[in-house]
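Novice: My file is model-v5.cif. It has mmCIF, C-alpha atoms:
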data_protein
loop_
_atom_site.label_atom_id
_atom_site.label_comp_id
_atom_site.auth_asym_id
_atom_site.auth_seq_id
_atom_site.Cartn_x
_atom_site.Cartn_y
_atom_site.Cartn_z
CA MET A 214 -6.17 -25.77 -22.99
CA PRO A 215 -3.56 -25.14 -20.26
CA VAL A 216 -5.08 -24.11 -16.93
CA ARG A 217 -3.04 -22.85 -14.02
CA ARG A 218 -4.45 -22.70 -10.50
CA PHE A 219 -3.75 -20.00 -7.90
CA GLY A 220 -4.42 -20.58 -4.21
CA GLY A 221 -7.24 -23.03 -4.80
CA HIS A 222 -9.77 -20.38 -5.84
CA GLY A 223 -8.72 -18.32 -8.87
CA TYR A 224 -7.75 -19.54 -12.29
CA LEU A 225 -5.86 -18.00 -15.16
CA VAL A 226 -7.12 -19.59 -18.35
CA LYS A 227 -4.94 -19.17 -21.43
CA ARG A 228 -6.63 -19.14 -24.82
CA SER A 229 -4.62 -18.39 -27.93
CA GLY A 230 -1.89 -16.88 -25.80
CA THR A 231 -4.14 -14.22 -24.20
CA PRO A 232 -4.56 -14.42 -20.39
CA LYS A 233 -8.19 -14.44 -19.40
CA LEU A 234 -9.58 -13.92 -15.93
CA SER A 235 -11.67 -16.65 -14.38
CA TYR A 236 -12.65 -17.63 -10.86
CA GLY A 237 -13.76 -20.96 -9.44
CA PHE A 238 -16.65 -21.13 -6.99
CA SER A 239 -17.82 -24.11 -4.97
CA LYS A 240 -21.54 -24.57 -4.49
CA MET A 241 -22.59 -23.61 -0.97
CA ASN A 242 -25.64 -24.68 0.94
CA VAL A 243 -27.39 -21.52 2.10
CA SER A 244 -28.17 -22.95 5.52
CA LYS A 245 -24.49 -23.86 6.13
CA SER A 246 -22.73 -20.97 4.44
CA GLY A 247 -23.06 -18.57 7.36
CA TYR A 248 -23.94 -15.63 5.16
CA ARG A 249 -26.83 -14.20 3.19
CA VAL A 250 -26.96 -12.00 0.10
CA PHE A 251 -29.84 -9.52 -0.20
CA SER A 252 -30.85 -7.03 -2.84
CA ALA A 253 -31.97 -3.63 -1.56
CA ASN A 254 -33.58 -2.58 -4.85
CA SER A 255 -37.31 -2.24 -5.34
CA SER A 256 -36.76 -2.23 -9.12
CA ALA A 257 -36.48 -5.55 -10.97
CA ALA A 258 -34.00 -4.10 -13.47
CA CYS A 259 -31.68 -3.03 -10.65
CA ALA A 260 -31.82 -6.48 -9.02
CA GLU A 261 -30.37 -8.14 -12.13
CA LEU A 262 -26.77 -7.75 -10.95
CA ALA A 263 -27.65 -9.29 -7.56
CA LYS A 264 -29.07 -12.35 -9.33
CA LYS A 265 -25.89 -12.79 -11.38
CA ILE A 266 -23.72 -12.55 -8.27
CA THR A 267 -25.74 -15.11 -6.30
CA GLU A 268 -25.69 -17.49 -9.28
CA ARG A 269 -21.90 -17.33 -9.34
CA LEU A 270 -21.74 -17.89 -5.58
CA GLY A 271 -24.17 -20.80 -5.73
CA VAL A 272 -26.48 -19.33 -3.09
CA GLU A 273 -30.03 -18.09 -3.15
CA LEU A 274 -30.91 -14.42 -2.94
CA GLY A 275 -32.13 -13.55 0.56
CA LYS A 276 -35.86 -13.24 1.05
CA SER A 277 -36.90 -9.64 1.55
CA VAL A 278 -39.45 -7.15 0.29
CA VAL A 279 -38.51 -3.57 -0.61
CA TYR A 280 -41.28 -1.28 -1.80
CA GLN A 281 -42.60 2.28 -1.84
CA GLU A 282 -45.78 3.05 0.04
CA GLY A 283 -48.50 5.32 -1.31
CA ASN A 284 -46.92 8.35 0.38
CA ALA A 285 -43.53 7.54 -1.26
CA GLU A 286 -41.99 6.26 1.99
CA THR A 287 -39.67 3.25 1.66
CA ARG A 288 -40.49 0.08 3.57
CA VAL A 289 -38.24 -2.97 3.98
CA ASP A 290 -39.34 -6.36 5.33
CA VAL A 291 -36.70 -9.06 5.87
CA LYS A 292 -38.40 -12.45 5.56
CA GLU A 293 -35.77 -14.74 7.13
CA SER A 294 -33.48 -14.92 10.15
CA VAL A 295 -30.10 -13.21 9.86
CA ARG A 296 -28.96 -13.52 13.48
CA GLY A 297 -25.20 -13.94 13.84
CA GLN A 298 -24.50 -14.06 10.10
CA ASP A 299 -22.54 -12.03 7.59
CA ILE A 300 -25.02 -10.10 5.45
CA PHE A 301 -24.16 -8.68 2.04
CA ILE A 302 -26.52 -6.03 0.65
CA ILE A 303 -26.18 -5.50 -3.10
CA GLN A 304 -27.42 -2.08 -4.14
CA THR A 305 -27.14 -0.83 -7.69
CA ILE A 306 -28.02 2.80 -8.22
CA PRO A 307 -30.77 3.65 -10.73
CA ARG A 308 -31.69 7.14 -11.89
CA ASP A 309 -33.66 7.70 -8.67
CA VAL A 310 -30.50 7.97 -6.59
CA ASN A 311 -32.05 9.23 -3.36
CA THR A 312 -34.63 6.44 -3.22
CA ALA A 313 -31.88 3.87 -3.70
CA ILE A 314 -29.90 5.41 -0.83
CA MET A 315 -32.92 5.26 1.49
CA GLU A 316 -33.54 1.62 0.50
CA LEU A 317 -29.96 0.78 1.44
CA LEU A 318 -30.04 2.70 4.72
CA ILE A 319 -33.36 1.24 5.84
CA MET A 320 -32.38 -2.33 4.94
CA ALA A 321 -29.04 -1.98 6.74
CA TYR A 322 -30.78 -0.68 9.85
CA ALA A 323 -33.37 -3.48 9.68
CA LEU A 324 -30.59 -6.07 9.52
CA LYS A 325 -28.71 -4.37 12.34
CA THR A 326 -31.75 -4.52 14.63
CA SER A 327 -32.19 -8.18 13.59
CA CYS A 328 -28.79 -8.99 15.14
CA ALA A 329 -26.76 -9.59 11.97
CA LYS A 330 -23.10 -10.15 12.77
CA ASN A 331 -21.62 -8.06 9.96
CA ILE A 332 -23.40 -5.96 7.34
CA ILE A 333 -21.40 -5.45 4.15
CA GLY A 334 -22.69 -3.11 1.47
CA VAL A 335 -21.91 -4.08 -2.13
CA ILE A 336 -22.33 -0.76 -3.94
CA PRO A 337 -20.62 -1.07 -7.36
CA TYR A 338 -21.25 2.59 -8.19
CA PHE A 339 -21.01 4.80 -5.12
CA PRO A 340 -23.47 7.72 -5.47
CA TYR A 341 -22.50 11.34 -4.86
CA SER A 342 -18.86 10.39 -5.46
CA LYS A 343 -18.38 13.50 -7.61
CA GLN A 344 -19.34 15.67 -4.64
CA CYS A 345 -16.23 14.74 -2.68
CA LYS A 346 -14.59 18.18 -2.61
CA MET A 347 -15.60 21.50 -1.14
CA ARG A 348 -16.71 23.89 -3.88
CA LYS A 349 -17.40 27.45 -2.84
CA ARG A 350 -20.49 27.40 -0.58
CA GLY A 351 -21.30 23.74 -1.21
CA SER A 352 -20.68 20.72 0.99
CA ILE A 353 -18.87 17.40 0.81
CA VAL A 354 -21.98 15.26 0.35
CA CYS A 355 -19.95 12.08 -0.11
CA LYS A 356 -18.63 12.38 3.45
CA LEU A 357 -22.17 12.90 4.75
CA LEU A 358 -23.31 9.74 2.97
CA ALA A 359 -20.40 7.78 4.47
CA ALA A 360 -21.46 8.86 7.97
CA MET A 361 -25.08 7.91 7.26
CA LEU A 362 -24.09 4.42 6.11
CA ALA A 363 -22.01 3.88 9.25
CA LYS A 364 -24.85 5.08 11.46
CA ALA A 365 -27.30 2.73 9.70
CA GLY A 366 -25.14 -0.25 10.64
CA LEU A 367 -22.82 -1.03 7.73
CA THR A 368 -19.44 -2.44 8.79
CA HIS A 369 -17.75 -2.80 5.39
CA ILE A 370 -18.23 -1.67 1.78
CA ILE A 371 -17.32 -3.24 -1.54
CA THR A 372 -17.38 -0.75 -4.39
CA MET A 373 -15.71 -0.26 -7.76
CA ASP A 374 -13.66 2.59 -9.22
CA LEU A 375 -14.45 5.40 -6.82
CA HIS A 376 -14.32 8.76 -8.55
CA GLN A 377 -11.51 9.77 -6.18
CA LYS A 378 -9.63 7.14 -4.17
CA GLU A 379 -9.38 9.55 -1.24
CA ILE A 380 -13.11 8.99 -0.66
CA GLN A 381 -12.11 5.86 1.29
CA GLY A 382 -10.85 8.17 4.02
CA PHE A 383 -14.41 9.40 4.68
CA PHE A 384 -15.41 6.03 6.11
CA SER A 385 -14.89 4.74 9.65
CA PHE A 386 -14.89 1.12 8.42
CA PRO A 387 -13.02 -0.81 5.69
CA VAL A 388 -13.66 -0.06 2.00
CA ASP A 389 -12.58 -2.38 -0.82
CA ASN A 390 -12.34 -0.33 -4.01
CA LEU A 391 -12.25 -2.93 -6.80
CA ARG A 392 -11.12 -2.13 -10.35
CA ALA A 393 -12.89 -2.72 -13.64
CA SER A 394 -9.80 -2.10 -15.78
CA PRO A 395 -8.91 -5.84 -16.24
CA PHE A 396 -12.35 -6.46 -17.76
CA LEU A 397 -12.21 -3.38 -20.00
CA ILE A 398 -8.68 -4.24 -21.14
CA GLN A 399 -9.81 -7.78 -21.91
CA TYR A 400 -12.67 -6.33 -23.98
CA ILE A 401 -10.21 -4.18 -25.95
CA GLN A 402 -7.98 -7.18 -26.67
CA GLU A 403 -10.81 -9.51 -27.69
CA GLU A 404 -13.40 -7.23 -29.34
CA ILE A 405 -11.31 -4.58 -31.14
CA PRO A 406 -9.49 -6.47 -33.94
CA ASP A 407 -6.93 -3.76 -34.73
CA TYR A 408 -6.33 -2.60 -31.17
CA ARG A 409 -2.56 -2.71 -31.75
CA ASN A 410 -3.11 0.31 -33.98
CA ALA A 411 -4.94 2.18 -31.22
CA VAL A 412 -3.95 5.05 -28.97
CA ILE A 413 -5.32 5.57 -25.46
CA VAL A 414 -6.77 9.06 -25.00
CA ALA A 415 -7.34 11.03 -21.79
CA LYS A 416 -10.17 13.51 -22.26
CA SER A 417 -8.50 15.95 -19.83
CA PRO A 418 -5.10 16.30 -18.16
CA SER A 419 -6.64 15.13 -14.86
CA ALA A 420 -7.47 11.77 -16.48
CA ALA A 421 -3.96 11.30 -17.89
CA LYS A 422 -2.78 8.94 -15.13
CA ARG A 423 -5.64 6.52 -15.72
CA ALA A 424 -5.04 6.63 -19.48
CA GLN A 425 -1.31 6.09 -18.96
CA SER A 426 -2.04 2.98 -16.89
CA TYR A 427 -4.15 1.52 -19.71
CA ALA A 428 -1.57 2.48 -22.34
CA GLU A 429 1.30 0.83 -20.45
CA ARG A 430 -0.56 -2.45 -19.93
CA LEU A 431 -1.73 -2.59 -23.55
CA ARG A 432 1.66 -1.39 -24.88
CA LEU A 433 -0.02 1.45 -26.75
CA GLY A 434 0.60 5.14 -27.29
CA LEU A 435 -0.96 7.95 -25.24
CA ALA A 436 -2.70 11.18 -26.22
CA VAL A 437 -4.23 13.87 -24.01
CA LEU A 438 -6.99 16.35 -24.78
CA HIS A 439 -6.46 19.81 -23.34
CA GLY A 440 -8.90 22.69 -23.19
CA THR A 441 -12.64 22.77 -23.62
CA ALA A 442 -15.04 23.01 -26.50
CA PRO A 443 -16.94 26.30 -26.87
CA GLY A 444 -20.12 26.47 -24.84
CA LEU A 445 -19.32 23.53 -22.51
CA GLU A 446 -17.78 25.45 -19.62
CA SER A 447 -19.92 27.83 -17.61
CA ASN A 448 -19.40 29.24 -14.14
CA ALA A 449 -22.58 31.29 -14.07
CA GLY A 450 -24.45 28.88 -11.82
CA ASP A 451 -21.71 27.72 -9.48
CA GLY A 452 -21.79 30.64 -7.05
CA LEU A 453 -18.81 32.45 -8.49
CA TYR A 454 -20.86 35.54 -9.28
CA SER A 455 -23.36 35.26 -6.44
CA PRO A 456 -22.00 37.89 -3.96
CA PRO A 457 -23.89 41.17 -4.20
CA PRO A 458 -22.06 44.12 -5.73
CA ALA A 459 -20.04 46.29 -3.37
CA ARG A 460 -21.87 49.25 -1.90
CA PRO A 461 -19.90 52.26 -0.79
CA SER A 462 -20.31 53.06 2.89
CA ALA A 463 -19.59 56.35 4.60
CA GLY A 464 -16.26 56.60 6.35
CA HIS A 465 -14.84 53.36 4.96
CA THR A 466 -11.34 53.75 3.57
CA GLY A 467 -10.47 50.11 2.85
CA LEU A 468 -9.42 49.13 -0.63
CA GLU A 469 -11.68 46.89 -2.68
CA LEU A 470 -10.34 43.55 -3.81
CA PRO A 471 -9.42 43.72 -7.50
CA CYS A 472 -11.26 40.43 -8.27
CA GLY A 473 -14.71 42.01 -8.27
CA SER A 474 -15.97 39.77 -5.47
CA GLY A 475 -17.78 42.54 -3.62
CA SER A 476 -15.48 42.24 -0.58
CA ARG A 477 -13.08 44.81 0.75
CA ALA A 478 -9.53 44.56 2.00
CA PRO A 479 -9.25 43.83 5.73
CA PHE A 480 -7.09 46.89 6.50
CA PRO A 481 -6.75 50.30 4.84
CA GLY A 482 -3.80 50.58 2.49
CA ILE A 483 -3.33 46.85 1.84
CA GLU A 484 -3.35 45.81 -1.80
CA LEU A 485 -3.76 42.15 -2.68
CA PRO A 486 -2.25 40.78 -5.90
CA MET A 487 -4.52 40.56 -8.89
CA MET A 488 -6.41 37.24 -9.00
CA MET A 489 -6.66 36.26 -12.62
CA ALA A 490 -9.75 34.36 -13.73
CA LYS A 491 -9.10 30.83 -15.00
CA GLU A 492 -9.78 30.39 -18.68
CA LYS A 493 -9.27 27.15 -20.59
CA PRO A 494 -7.93 27.35 -24.14
CA PRO A 495 -9.81 25.83 -27.10
CA ILE A 496 -9.72 22.04 -27.13
CA SER A 497 -6.57 20.54 -28.66
CA VAL A 498 -4.85 17.15 -28.84
CA VAL A 499 -1.41 16.48 -27.38
CA GLY A 500 -0.18 13.39 -29.21
CA ASP A 501 -0.61 11.73 -32.61
CA VAL A 502 -3.96 10.07 -33.40
CA GLY A 503 -3.82 10.26 -37.20
CA GLY A 504 -4.79 6.98 -38.89
CA ARG A 505 -5.39 5.26 -35.54
CA ILE A 506 -8.17 3.99 -33.32
CA ALA A 507 -8.78 6.39 -30.43
CA ILE A 508 -9.87 4.80 -27.14
CA ILE A 509 -10.99 7.33 -24.53
CA VAL A 510 -10.93 5.92 -20.98
CA ASP A 511 -12.66 7.35 -17.92
CA ASP A 512 -14.40 6.18 -14.75
CA ILE A 513 -17.87 7.71 -15.32
CA ILE A 514 -19.79 8.62 -18.45
CA ASP A 515 -22.87 10.64 -17.56
CA ASP A 516 -23.45 13.84 -19.54
CA VAL A 517 -21.77 13.03 -22.83
CA GLU A 518 -21.28 16.49 -24.32
CA GLU A 519 -17.56 16.47 -23.48
CA PHE A 520 -17.10 13.02 -24.98
CA VAL A 521 -18.96 14.04 -28.14
CA ALA A 522 -16.79 17.16 -28.48
CA ALA A 523 -13.67 15.04 -27.90
CA ALA A 524 -14.76 12.59 -30.60
CA GLU A 525 -15.21 15.41 -33.10
CA ILE A 526 -11.75 16.83 -32.53
CA LEU A 527 -10.21 13.34 -32.70
CA LYS A 528 -11.95 12.74 -36.03
CA GLU A 529 -10.60 16.04 -37.31
CA ARG A 530 -7.09 14.94 -36.28
CA GLY A 531 -7.39 11.72 -38.31
CA ALA A 532 -8.66 9.03 -35.93
CA TYR A 533 -10.78 6.58 -37.96
CA LYS A 534 -12.55 4.86 -35.06
CA ILE A 535 -13.43 6.18 -31.62
CA PHE A 536 -14.29 4.06 -28.57
CA ILE A 537 -15.31 5.23 -25.11
CA MET A 538 -14.42 2.91 -22.21
CA ALA A 539 -15.85 3.70 -18.77
CA THR A 540 -16.69 1.79 -15.61
CA HIS A 541 -19.99 3.44 -14.72
CA GLY A 542 -22.44 4.17 -17.53
CA LEU A 543 -24.92 6.59 -15.98
CA LEU A 544 -25.87 7.96 -19.42
CA SER A 545 -28.30 10.55 -18.12
CA ALA A 546 -30.77 12.74 -19.99
CA GLU A 547 -30.18 12.83 -23.75
CA ALA A 548 -26.98 10.78 -23.63
CA PRO A 549 -28.19 7.85 -25.83
CA ARG A 550 -29.42 10.18 -28.59
CA LEU A 551 -26.26 12.30 -28.51
CA ILE A 552 -24.07 9.19 -28.72
CA GLU A 553 -26.08 7.81 -31.63
CA GLU A 554 -25.74 11.08 -33.57
CA SER A 555 -22.04 11.60 -32.75
CA ALA A 556 -18.77 10.41 -34.29
CA ILE A 557 -18.39 7.86 -31.46
CA ASP A 558 -18.35 4.30 -32.80
CA GLU A 559 -18.91 2.44 -29.54
CA VAL A 560 -19.40 3.10 -25.83
CA VAL A 561 -18.34 0.26 -23.52
CA VAL A 562 -19.42 0.32 -19.88
CA THR A 563 -19.80 -2.26 -17.12
CA ASN A 564 -23.05 -3.35 -15.47
CA THR A 565 -22.38 -1.52 -12.19
CA VAL A 566 -25.34 0.69 -13.15
CA PRO A 567 -28.44 -0.62 -14.97
CA HIS A 568 -28.72 0.87 -18.45
CA GLU A 569 -30.88 -1.53 -20.45
CA VAL A 570 -33.24 1.28 -21.51
CA GLN A 571 -30.35 3.34 -22.85
CA LYS A 572 -29.10 0.33 -24.84
CA LEU A 573 -32.47 0.05 -26.54
CA GLN A 574 -32.22 3.71 -27.52
CA CYS A 575 -28.63 3.48 -28.75
CA PRO A 576 -27.14 0.28 -30.26
CA LYS A 577 -23.64 1.72 -29.89
CA ILE A 578 -23.67 0.96 -26.13
CA ARG A 579 -22.01 -2.30 -25.05
CA THR A 580 -21.92 -3.89 -21.59
CA VAL A 581 -19.15 -5.80 -19.79
CA ASP A 582 -20.19 -8.03 -16.89
CA VAL A 583 -18.24 -7.54 -13.64
CA SER A 584 -20.35 -9.81 -11.41
CA MET A 585 -17.45 -12.29 -11.35
CA ILE A 586 -15.11 -10.08 -9.33
CA LEU A 587 -17.90 -8.86 -7.02
CA ALA A 588 -18.87 -12.46 -6.24
CA GLU A 589 -15.25 -13.40 -5.55
CA ALA A 590 -14.87 -10.38 -3.25
CA ILE A 591 -17.94 -11.49 -1.26
CA ARG A 592 -16.58 -15.03 -0.94
CA ARG A 593 -13.15 -13.87 0.20
CA ILE A 594 -14.49 -11.40 2.77
CA HIS A 595 -16.79 -14.01 4.30
CA ASN A 596 -14.00 -16.61 4.46
CA GLY A 597 -11.48 -14.11 5.84
CA GLU A 598 -9.16 -14.50 2.85
CA SER A 599 -6.80 -11.87 1.46
CA MET A 600 -8.19 -9.49 -1.15
CA ALA A 601 -4.75 -8.97 -2.70
CA TYR A 602 -5.46 -11.53 -5.43
CA LEU A 603 -8.16 -9.24 -6.86
CA PHE A 604 -5.69 -6.34 -7.11
CA ARG A 605 -2.76 -8.13 -8.76
CA ASN A 606 -1.22 -6.19 -11.65
CA ILE A 607 -3.49 -3.24 -10.78
CA ALA A 608 -1.77 0.11 -10.99
CA VAL A 609 -2.24 2.73 -8.29
CA ASP A 610 -3.56 5.20 -10.86
CA ASP A 611 -6.35 2.93 -12.15
#
Would you encode the structure as structure tokens?
Specialist:
Amino acid sequence: MPVRRFGGHGYLVKRSGTPKLSYGFSKMNVSKSGYRVFSANSSAACAELAKKITERLGVELGKSVVYQEGNAETRVDVKESVRGQDIFIIQTIPRDVNTAIMELLIMAYALKTSCAKNIIGVIPYFPYSKQCKMRKRGSIVCKLLAAMLAKAGLTHIITMDLHQKEIQGFFSFPVDNLRASPFLIQYIQEEIPDYRNAVIVAKSPSAAKRAQSYAERLRLGLAVLHGTAPGLESNAGDGLYSPPPARPSAGHTGLELPCGSGSRAPFPGIELPMMMAKEKPPISVVGDVGGRIAIIVDDIIDDVEEFVAAAEILKERGAYKIFIMATHGLLSAEAPRLIEESAIDEVVVTNTVPHEVQKLQCPKIRTVDVSMILAEAIRRIHNGESMAYLFRNIAVDD
């Protein structure tokens, strides 16, 4: 088995002509390593990823207690000295997102007041990442969370596949946004026997760049879904229709806006152009999927109605197998049941988010372990080494 070494730390192992990622770690004595790794989760299921990372690093998980008091307040007790050391807090996000955020904030602040040198948050799935844009009367919650983490004492963050890469600009400290695509691509090559007869599918035009990146690296074709299935798109609850209806007032001569928003033109006699309401066409497929395996790629799979509708249209167009590949498998609400009853053959996600319960409910769900790259990122940051090795052959649009 030929083995080629890169920079003394990473290895590219070739088996049957297929490159396979691997990293080498030297065992470190905790007392001499100069860093500690803690888990901020009060749930045992959520601490599983932290255990895998520390096993790969050859260190013990830091001694701490995180629990909820009777009044639902979060309490954190750090049971060992962290003075002058680099501290890595691994926090996976369960369904109770807000509790997990408070656990992270309180632990970071406890470590800060205990004189830790650097506090690095390892947050594989960054919560509230979908709320990164201003929508009507809403707020950019992701930016608020970034400010809270900085205030609590974090000096660096390691995360994976942010929903929008521009989120990194919300932070006042460095953010390493790792990619899961090498692991998912490796899964496609090793676990899908006829993947050469597959086509990569973007479930919307906005996801086309990510799908194109996968297609180019796998040397496969590309298809794009456009439109929406009936009943999936609704603007009734997003504030679009919330302004009260216009009420005529005495002496007012301004012209009403033609969009029905309840507002009036700023000056009499001014007519604004008609603002047409956006309406998506019925869902359709751009590209040929007939007689092929369809592989839909995305960063997050949460509510699965769109994926189920996409699978149905792909089946109608002749695809004989349908796979969903995503980094973060949130799989909320009725997702496992809907997947089990759908035309989807397999859903492949990484272990950035715990989903063991969902796997028991739906045998179609598969998990890819990404603890290897998270452990290597921790080692490189502590040793002051370049992170470029972890981003080699990674496209900007991943």
Novice: Starting from the shown file, work through the PyMOL selection byres ((chain A and resi 265-269) around 8) and note down what comes out as a PyMOL selection string.
Specialist: chain A and resi 238+250+261-264+270-274+584-585+587-588
Novice: Please list as a short mmCIF file (atom, residue, chain, number, x, y, z; two decimals) with C-alpha atoms, in the coordinates of the input every residue within 12 Å of Phe520 (chain A), counting only C-alpha atoms and excluding residues in the same chain fewer than 5 positions away.
Specialist:
data_model
loop_
_atom_site.label_atom_id
_atom_site.label_comp_id
_atom_site.auth_asym_id
_atom_site.auth_seq_id
_atom_site.Cartn_x
_atom_site.Cartn_y
_atom_site.Cartn_z
CA VAL A 414 -6.77 9.06 -25.00
CA ALA A 415 -7.34 11.03 -21.79
CA LYS A 416 -10.17 13.51 -22.26
CA SER A 417 -8.50 15.95 -19.83
CA LEU A 438 -6.99 16.35 -24.78
CA THR A 441 -12.64 22.77 -23.62
CA ALA A 442 -15.04 23.01 -26.50
CA LEU A 445 -19.32 23.53 -22.51
CA ILE A 496 -9.72 22.04 -27.13
CA ALA A 507 -8.78 6.39 -30.43
CA ILE A 508 -9.87 4.80 -27.14
CA ILE A 509 -10.99 7.33 -24.53
CA VAL A 510 -10.93 5.92 -20.98
CA ASP A 511 -12.66 7.35 -17.92
CA ILE A 513 -17.87 7.71 -15.32
CA ILE A 514 -19.79 8.62 -18.45
CA ASP A 515 -22.87 10.64 -17.56
CA GLU A 525 -15.21 15.41 -33.10
CA ILE A 526 -11.75 16.83 -32.53
CA LEU A 527 -10.21 13.34 -32.70
CA ILE A 535 -13.43 6.18 -31.62
CA PHE A 536 -14.29 4.06 -28.57
CA ILE A 537 -15.31 5.23 -25.11
CA MET A 538 -14.42 2.91 -22.21
CA ALA A 539 -15.85 3.70 -18.77
CA LEU A 544 -25.87 7.96 -19.42
CA ALA A 548 -26.98 10.78 -23.63
CA LEU A 551 -26.26 12.30 -28.51
CA ILE A 552 -24.07 9.19 -28.72
CA SER A 555 -22.04 11.60 -32.75
CA ALA A 556 -18.77 10.41 -34.29
CA ILE A 557 -18.39 7.86 -31.46
CA ASP A 558 -18.35 4.30 -32.80
CA GLU A 559 -18.91 2.44 -29.54
CA VAL A 560 -19.40 3.10 -25.83
#
Novice: Applying the PyMOL selection byres ((chain A and resi 296-299) around 7) to the file I just gave you, which residues come out? Please list them as a list of chain:residue names.
Specialist: A:Gly247, A:Tyr248, A:Arg249, A:Ser294, A:Val295, A:Ile300, A:Phe301, A:Ser327, A:Cys328, A:Ala329, A:Lys330, A:Asn331, A:Ile332, A:His595
Novice: Put those residues in a file: C-alpha atoms, as a PDB file, in the coordinates of the input.
Specialist:
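The new file again-v3.pdb reads:
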ATOM      1  CA  GLY A 247     -23.060 -18.570   7.360  1.00  0.00           C
ATOM      2  CA  TYR A 248     -23.940 -15.630   5.160  1.00  0.00           C
ATOM      3  CA  ARG A 249     -26.830 -14.200   3.190  1.00  0.00           C
ATOM      4  CA  SER A 294     -33.480 -14.920  10.150  1.00  0.00           C
ATOM      5  CA  VAL A 295     -30.100 -13.210   9.860  1.00  0.00           C
ATOM      6  CA  ILE A 300     -25.020 -10.100   5.450  1.00  0.00           C
ATOM      7  CA  PHE A 301     -24.160  -8.680   2.040  1.00  0.00           C
ATOM      8  CA  SER A 327     -32.190  -8.180  13.590  1.00  0.00           C
ATOM      9  CA  CYS A 328     -28.790  -8.990  15.140  1.00  0.00           C
ATOM     10  CA  ALA A 329     -26.760  -9.590  11.970  1.00  0.00           C
ATOM     11  CA  LYS A 330     -23.100 -10.150  12.770  1.00  0.00           C
ATOM     12  CA  ASN A 331     -21.620  -8.060   9.960  1.00  0.00           C
ATOM     13  CA  ILE A 332     -23.400  -5.960   7.340  1.00  0.00           C
ATOM     14  CA  HIS A 595     -16.790 -14.010   4.300  1.00  0.00           C
TER      15      HIS A 595
END
Novice: I need the residue set behind the PyMOL selection byres ((chain A and resi 289-291) around 8) for this file; please write it as an mmCIF file with C-alpha atoms, in the coordinates of the input.
Specialist:
data_model
loop_
_atom_site.group_PDB
_atom_site.id
_atom_site.type_symbol
_atom_site.label_atom_id
_atom_site.label_comp_id
_atom_site.auth_asym_id
_atom_site.auth_seq_id
_atom_site.Cartn_x
_atom_site.Cartn_y
_atom_site.Cartn_z
ATOM 1 C CA LYS A 276 -35.860 -13.240 1.050
ATOM 2 C CA SER A 277 -36.900 -9.640 1.550
ATOM 3 C CA VAL A 278 -39.450 -7.150 0.290
ATOM 4 C CA VAL A 279 -38.510 -3.570 -0.610
ATOM 5 C CA TYR A 280 -41.280 -1.280 -1.800
ATOM 6 C CA THR A 287 -39.670 3.250 1.660
ATOM 7 C CA ARG A 288 -40.490 0.080 3.570
ATOM 8 C CA LYS A 292 -38.400 -12.450 5.560
ATOM 9 C CA GLU A 293 -35.770 -14.740 7.130
ATOM 10 C CA SER A 294 -33.480 -14.920 10.150
ATOM 11 C CA GLU A 316 -33.540 1.620 0.500
ATOM 12 C CA ILE A 319 -33.360 1.240 5.840
ATOM 13 C CA MET A 320 -32.380 -2.330 4.940
ATOM 14 C CA ALA A 323 -33.370 -3.480 9.680
ATOM 15 C CA LEU A 324 -30.590 -6.070 9.520
#
Novice: Step by step: start from the point (-11.6, 6.3, -35.6) in the file's coordinates, keep every protein, DNA or RNA residue that has an atom no farther than 7 Å from it, count only C-alpha atoms, and write the set as a list of chain:residue names.
Specialist: A:Arg505, A:Ile506, A:Ala507, A:Lys528, A:Ala532, A:Tyr533, A:Lys534, A:Ile535
Novice: Check the smallest atom-to-atom distance from each of A:Tyr427, A:Tyr322, A:Tyr341, A:Tyr408 to Ala393 (chain A) using all atoms listed in the file, then report the winner.
Specialist: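 The answer is A:Tyr427, which sits nearest to Ala393 (chain A).
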Novice: How far is it from CA of Arg432 (chain A) to CA of Glu518 (chain A), in Å with one decimal?
Specialist: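 Rounded to one decimal, the two atoms are 29.1 Å apart.
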Novice: So which residues touch region 578-581 of chain A within 10 Å, counting all atoms listed in the file, skipping near sequence neighbours fewer than 4 positions away, as a short mmCIF file (atom, residue, chain, number, x, y, z; two decimals) with C-alpha atoms, in the frame of the given file?
Specialist:
data_model
loop_
_atom_site.label_atom_id
_atom_site.label_comp_id
_atom_site.auth_asym_id
_atom_site.auth_seq_id
_atom_site.Cartn_x
_atom_site.Cartn_y
_atom_site.Cartn_z
CA ALA A 393 -12.89 -2.72 -13.64
CA PHE A 396 -12.35 -6.46 -17.76
CA LEU A 397 -12.21 -3.38 -20.00
CA GLN A 399 -9.81 -7.78 -21.91
CA TYR A 400 -12.67 -6.33 -23.98
CA ILE A 537 -15.31 5.23 -25.11
CA MET A 538 -14.42 2.91 -22.21
CA THR A 540 -16.69 1.79 -15.61
CA GLY A 542 -22.44 4.17 -17.53
CA LEU A 544 -25.87 7.96 -19.42
CA PRO A 549 -28.19 7.85 -25.83
CA ILE A 552 -24.07 9.19 -28.72
CA GLU A 553 -26.08 7.81 -31.63
CA ASP A 558 -18.35 4.30 -32.80
CA GLU A 559 -18.91 2.44 -29.54
CA VAL A 560 -19.40 3.10 -25.83
CA VAL A 561 -18.34 0.26 -23.52
CA VAL A 562 -19.42 0.32 -19.88
CA THR A 563 -19.80 -2.26 -17.12
CA ASN A 564 -23.05 -3.35 -15.47
CA THR A 565 -22.38 -1.52 -12.19
CA PRO A 567 -28.44 -0.62 -14.97
CA HIS A 568 -28.72 0.87 -18.45
CA GLU A 569 -30.88 -1.53 -20.45
CA GLN A 571 -30.35 3.34 -22.85
CA LYS A 572 -29.10 0.33 -24.84
CA LEU A 573 -32.47 0.05 -26.54
CA GLN A 574 -32.22 3.71 -27.52
#
